Each structure stands twice: as C-alpha cells, then as structure tokens.
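Undergrad: Structure file work-v1.txt (compact mmCIF, C-alpha atoms) is given on the next line.
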# COMPACT_ATOMS: atom_id res chain seq x y z
CA MET A 1175 14.01 35.59 158.40
CA THR A 1176 12.27 32.32 158.92
CA ASN A 1177 12.79 28.73 158.03
CA ASN A 1178 9.99 29.09 155.45
CA ASP A 1179 11.52 31.89 153.37
CA PHE A 1180 11.84 29.63 150.30
CA ALA A 1181 8.38 28.02 150.62
CA PHE A 1182 7.21 30.34 147.81
CA PHE A 1183 9.51 28.49 145.41
CA THR A 1184 7.83 25.07 145.61
CA GLY A 1185 6.57 24.01 142.20
CA THR A 1186 7.56 24.06 138.54
CA TYR A 1187 8.72 27.24 136.83
CA ASP A 1188 9.64 28.34 133.33
CA VAL A 1189 12.81 30.39 133.52
CA ALA A 1190 13.93 33.22 131.25
CA ASN A 1191 17.71 33.40 131.60
CA ARG A 1192 19.94 36.28 130.59
CA TRP A 1193 23.66 35.99 131.26
CA ARG A 1194 26.83 37.78 130.29
CA LYS A 1195 28.84 35.93 127.68
CA ASP A 1196 31.87 36.72 129.88
CA PHE A 1197 30.89 36.77 133.57
CA LEU A 1198 33.72 39.17 134.46
CA ASP A 1199 33.38 41.65 131.59
CA PRO A 1200 31.73 44.83 132.93
CA THR A 1201 31.23 46.33 129.44
CA GLU A 1202 27.63 47.29 128.74
CA GLY A 1203 25.66 46.56 125.57
CA ASP A 1204 23.13 43.98 124.44
CA ASP A 1205 25.81 42.13 122.45
CA ARG A 1206 27.46 41.20 125.78
CA TRP A 1207 24.41 39.16 126.87
CA GLU A 1208 22.81 35.88 125.84
CA GLU A 1209 19.22 34.80 126.52
CA PHE A 1210 18.01 31.20 126.83
CA PRO A 1211 15.19 29.19 128.43
CA GLY A 1212 15.14 26.93 131.44
CA ILE A 1213 12.75 24.93 133.56
CA THR A 1214 13.07 24.30 137.28
CA ARG A 1215 11.29 22.04 139.72
CA ALA A 1216 11.56 23.00 143.39
CA SER A 1217 10.52 21.42 146.68
CA CYS A 1218 10.64 22.19 150.41
CA HIS A 1219 11.88 19.82 153.12
CA PHE A 1220 12.61 19.82 156.88
CA ASP A 1221 9.35 21.72 157.62
CA GLY A 1222 10.53 24.55 155.35
CA ALA A 1223 14.12 24.72 156.63
CA ALA A 1224 15.45 23.16 153.41
CA SER A 1225 14.71 23.88 149.77
CA PHE A 1226 15.88 21.97 146.72
CA ASP A 1227 15.54 22.61 143.01
CA GLU A 1228 16.88 21.16 139.79
CA ILE A 1229 17.08 23.41 136.76
CA GLU A 1230 17.49 22.30 133.16
CA PHE A 1231 18.78 24.49 130.33
CA PRO A 1232 17.57 22.59 127.23
CA THR A 1233 19.31 24.78 124.65
CA LYS A 1234 22.57 24.77 126.62
CA GLY A 1235 22.74 21.02 127.21
CA PHE A 1236 23.37 21.14 130.95
CA SER A 1237 21.55 21.31 134.25
CA GLY A 1238 22.23 22.19 137.85
CA LEU A 1239 20.73 22.01 141.29
CA THR A 1240 20.56 24.16 144.38
CA LEU A 1241 20.26 23.05 147.99
CA ARG A 1242 19.23 25.75 150.48
CA LEU A 1243 19.53 25.13 154.23
CA PHE A 1244 18.31 27.36 157.06
CA ASN A 1245 20.50 27.59 160.17
CA PRO A 1246 18.24 28.49 163.13
CA ALA A 1247 21.25 29.48 165.29
CA THR A 1248 22.30 32.24 162.85
CA ALA A 1249 18.88 32.81 161.20
CA GLN A 1250 20.67 32.61 157.86
CA TRP A 1251 20.35 30.49 154.76
CA SER A 1252 23.24 28.72 153.04
CA LEU A 1253 22.73 28.18 149.29
CA TYR A 1254 24.79 25.49 147.57
CA TRP A 1255 24.93 25.20 143.75
CA ALA A 1256 26.07 22.13 141.82
CA SER A 1257 26.49 21.91 138.06
CA LYS A 1258 26.13 18.79 135.96
CA ARG A 1259 29.02 20.10 133.83
CA THR A 1260 31.53 19.91 136.69
CA GLY A 1261 29.95 17.39 139.06
CA THR A 1262 31.07 19.52 141.99
CA LEU A 1263 29.37 21.43 144.76
CA PHE A 1264 30.32 25.12 144.72
CA PRO A 1265 31.04 27.00 147.99
CA PRO A 1266 27.87 28.35 149.59
CA VAL A 1267 26.54 31.86 149.63
CA THR A 1268 24.90 32.81 152.93
CA GLY A 1269 22.41 35.46 153.93
CA SER A 1270 18.80 36.19 154.66
CA PHE A 1271 15.65 37.98 153.56
CA GLY A 1272 15.02 41.56 154.69
CA ALA A 1273 11.76 43.16 155.76
CA ASP A 1274 11.13 44.17 152.12
CA GLY A 1275 11.12 40.49 151.05
CA THR A 1276 14.43 40.68 149.18
CA GLY A 1277 17.01 38.00 149.94
CA VAL A 1278 20.72 38.84 149.69
CA PHE A 1279 23.40 36.15 149.91
CA HIS A 1280 27.23 36.42 149.71
CA GLY A 1281 30.13 34.01 149.49
CA ASP A 1282 33.69 33.52 148.31
CA ASP A 1283 34.36 31.49 145.18
CA GLU A 1284 36.58 31.23 142.13
CA HIS A 1285 35.72 31.86 138.46
CA ASN A 1286 38.14 30.86 135.69
CA GLY A 1287 41.01 30.74 138.17
CA ARG A 1288 40.28 34.15 139.72
CA LYS A 1289 39.12 34.60 143.29
CA ILE A 1290 35.76 36.35 143.37
CA ARG A 1291 33.08 37.36 145.84
CA ALA A 1292 29.65 36.11 144.71
CA ARG A 1293 26.28 37.71 145.45
CA PHE A 1294 22.82 36.25 144.84
CA ILE A 1295 19.70 38.41 145.14
CA TRP A 1296 16.14 37.05 145.23
CA SER A 1297 13.52 39.77 144.60
CA GLY A 1298 10.12 40.50 143.06
CA ILE A 1299 8.65 37.47 144.79
CA THR A 1300 4.92 36.89 144.28
CA THR A 1301 2.77 33.76 144.27
CA ASP A 1302 3.67 33.01 140.65
CA ARG A 1303 6.86 34.96 139.87
CA ALA A 1304 10.34 35.60 141.24
CA HIS A 1305 13.60 37.17 140.10
CA TRP A 1306 17.11 35.93 140.88
CA GLU A 1307 20.36 37.56 139.92
CA GLN A 1308 24.02 36.77 140.37
CA ALA A 1309 26.93 39.22 140.55
CA PHE A 1310 30.69 38.79 140.99
CA SER A 1311 33.17 41.16 142.60
CA LEU A 1312 36.91 41.15 142.05
CA ASP A 1313 37.54 43.76 144.77
CA ASP A 1314 35.91 42.12 147.82
CA GLY A 1315 32.49 43.67 147.25
CA GLN A 1316 33.42 47.26 146.50
CA THR A 1317 32.07 46.93 142.95
CA TRP A 1318 29.84 44.27 141.38
CA ILE A 1319 29.41 42.89 137.88
CA THR A 1320 25.89 41.53 137.56
CA ASN A 1321 26.24 38.59 135.20
CA TRP A 1322 23.12 36.43 135.33
CA HIS A 1323 19.39 37.13 135.65
CA MET A 1324 16.64 34.54 135.97
CA ASP A 1325 12.96 35.44 135.77
CA PHE A 1326 10.77 32.62 137.09
CA THR A 1327 7.12 32.12 136.05
CA ARG A 1328 5.19 29.39 137.85
CA ARG A 1329 3.45 26.76 135.78
CA THR A 1330 -0.10 25.87 136.74
CA ALA A 1331 -0.79 22.38 138.03
CA THR A 1332 -2.52 21.44 134.77
CA ASP A 1333 0.18 22.91 132.54
CA ASP A 1334 3.07 20.48 132.54
CA ARG A 1335 3.85 20.72 128.84
CA PRO A 1336 7.40 21.82 127.98
CA ARG A 1337 7.62 25.36 126.60
CA LEU A 1338 10.21 28.04 126.14
CA ALA A 1339 10.45 30.75 128.77
CA THR A 1340 10.31 34.38 127.68
CA ARG A 1341 11.86 37.39 129.36
CA HIS A 1342 9.47 39.60 131.35
Represent the structure contained in this file as structure tokens.
TA:
Amino acid sequence: MTNNDFAFFTGTYDVANRWRKDFLDPTEGDDRWEEFPGITRASCHFDGAASFDEIEFPTKGFSGLTLRLFNPATAQWSLYWASKRTGTLFPPVTGSFGADGTGVFHGDDEHNGRKIRARFIWSGITTDRAHWEQAFSLDDGQTWITNWHMDFTRRTATDDRPRLATRH
C-alpha cells in the first residue's frame, strides 16, 4: 500500500470490455454478456498519490473518467467514477492493494433505484497488461454479481493509431 500503487497505469491502453446486459441479473450464459472496445489514457499526479484516466467507448457513444486519490492517513485509495452520460460523480469505492498485488475496493451506491454495494478488483497487473472487474451486491456483500470486466493492453509509444481491443 503506497502512494504509487497506480503508477503502473500511466499511458494509453486498448480495453476489451465485457459487461452483463443487466448488471443485477445473476443468470449465467454467454447471451447475458456484451463485448465492446474501449481506449483509455491514464496519468499520475501528486508524486503518485493521484491517478486520473479518461476512457472512451467508441461503439457505445459515451465515455467516463476515474480519479483515484491516496489518503496517507488511512493508507487507502478512494476511486471516483464519472460518466459523460450522467454528468455526475459516483460515490467512491475505497480500499488498497494486498501483498499479492491485487487491489480490492468497496463502496455503497445505487443502481437503477436499488441500493447496492459495489466492488472493484484490479488484478493481473504487469508492465503492459491489467484486469479490472466490477461486482454489485444486493445483500451487503454476502453475495456478488460480477457484471463488468476490462482487460487492458498497453499501447507502445509509437503505436497511437486507433484500433479495436480484443478479449484476452
């Protein structure tokens, strides 16, 4: 848990997205999921204690951004998401990275009028790849419905041409 935990994320990434068509439907099956590309550009600030990225979803027609802030008093990160569709800042999820390099973050929110507990997990972090997933709970964290996966692949400095992301 340091103020540089998100330094790995600086740069431009192609993103393979896979999300549930209904974020609260726990039913399994490939027909419950949709895949689409994205591209994100991320940067670090405050000597690593802040991270910012903007993500575009070209086939969906919207974008969003995330601000991550490290609190040295609690040694935890707060992650704030904003969507271009709503123009609002969602409540934060807070947490930290464990010794295994996986970051787990929780927070309270609302989805389609229902109170939910949200969980973000960052895992599989290397110099050129990372995985993020989101899950919602309707029972205060007793059970989770994983509803969104993002697989990030870093673009090289010379490769700034737009392209579609593929699932890994």
Undergrad: For A:Trp1296, which of A:Thr1330, A:Ser1270, A:Ser1311, A:Gln1316 is the closest residue, counting all atoms listed in the file?
TA: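 The shortest atom-to-atom distance to A:Trp1296 comes from A:Ser1270.
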Undergrad: What gap, in Å, lies between atom CA of A:Phe1271 and atom CA of A:Ala1256?
TA: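 Value for the atom CA of A:Phe1271-atom CA of A:Ala1256 distance: 22.3 Å.
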Undergrad: Record the distance separating atom CA of A:Pro1266 and atom CA of A:Tyr1254, expressed in Å with one decimal.
TA: 4.7 Å
Undergrad: Can you list, as a PyMOL selection string, every protein, DNA or RNA residue that comes within 10 Å of stretch 1203-1208 of chain A when you count all atoms listed in the file, leaving out same-chain residues fewer than 2 positions away?
TA: chain A and resi 1191-1197+1199-1201+1210+1321-1322
Undergrad: Could you jot down the atom CA of A:Ser1237 to atom CA of A:Val1189 separation for me, Å, one decimal place?
TA: 12.6 Å
Undergrad: So which residues touch stretch 1216-1224 of chain A within 12 Å, counting only C-alpha atoms, skipping near sequence neighbours fewer than 5 positions away, as a ChimeraX atom specification?
TA: /A:1175-1188,1229-1230,1239-1246,1249-1254,1326,1328-1329
Undergrad: Between A:Thr1320, A:Thr1301, A:Glu1307, A:Thr1248, which residue has the minimum interatomic distance to A:Val1278, considering only C-alpha atoms?
TA: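 Closest to A:Val1278, using only C-alpha atoms: A:Glu1307.
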Undergrad: Which residue gives the smallest distance to A:His1280 among A:Phe1236, A:Phe1310, A:Trp1255, A:Phe1226, with all atoms listed in the file counted?
TA: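 The shortest atom-to-atom distance to A:His1280 comes from A:Phe1310.
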Undergrad: A:Gly1315: which residues within 12 Å, counting all atoms listed in the file, same-chain residues fewer than 6 positions away excluded, as a list in words?
TA: His1280, Gly1281, Asp1282, Lys1289, Ile1290, Arg1291, Ala1292, Arg1293 and Ala1309 of chain A
Undergrad: Taking only C-alpha atoms into account, name the residue in A:Asp1227, A:His1323, A:Leu1198, A:Gly1261 that is nearest to A:His1285.
TA: A:Leu1198
Undergrad: Within 8 Å of (15.9, 28.3, 126.5), in the coordinates the file gives, what residues turn up when you count all atoms listed in the file, written out as a PyMOL selection string?
TA: chain A and resi 1189-1191+1209-1212+1231-1234+1338-1339
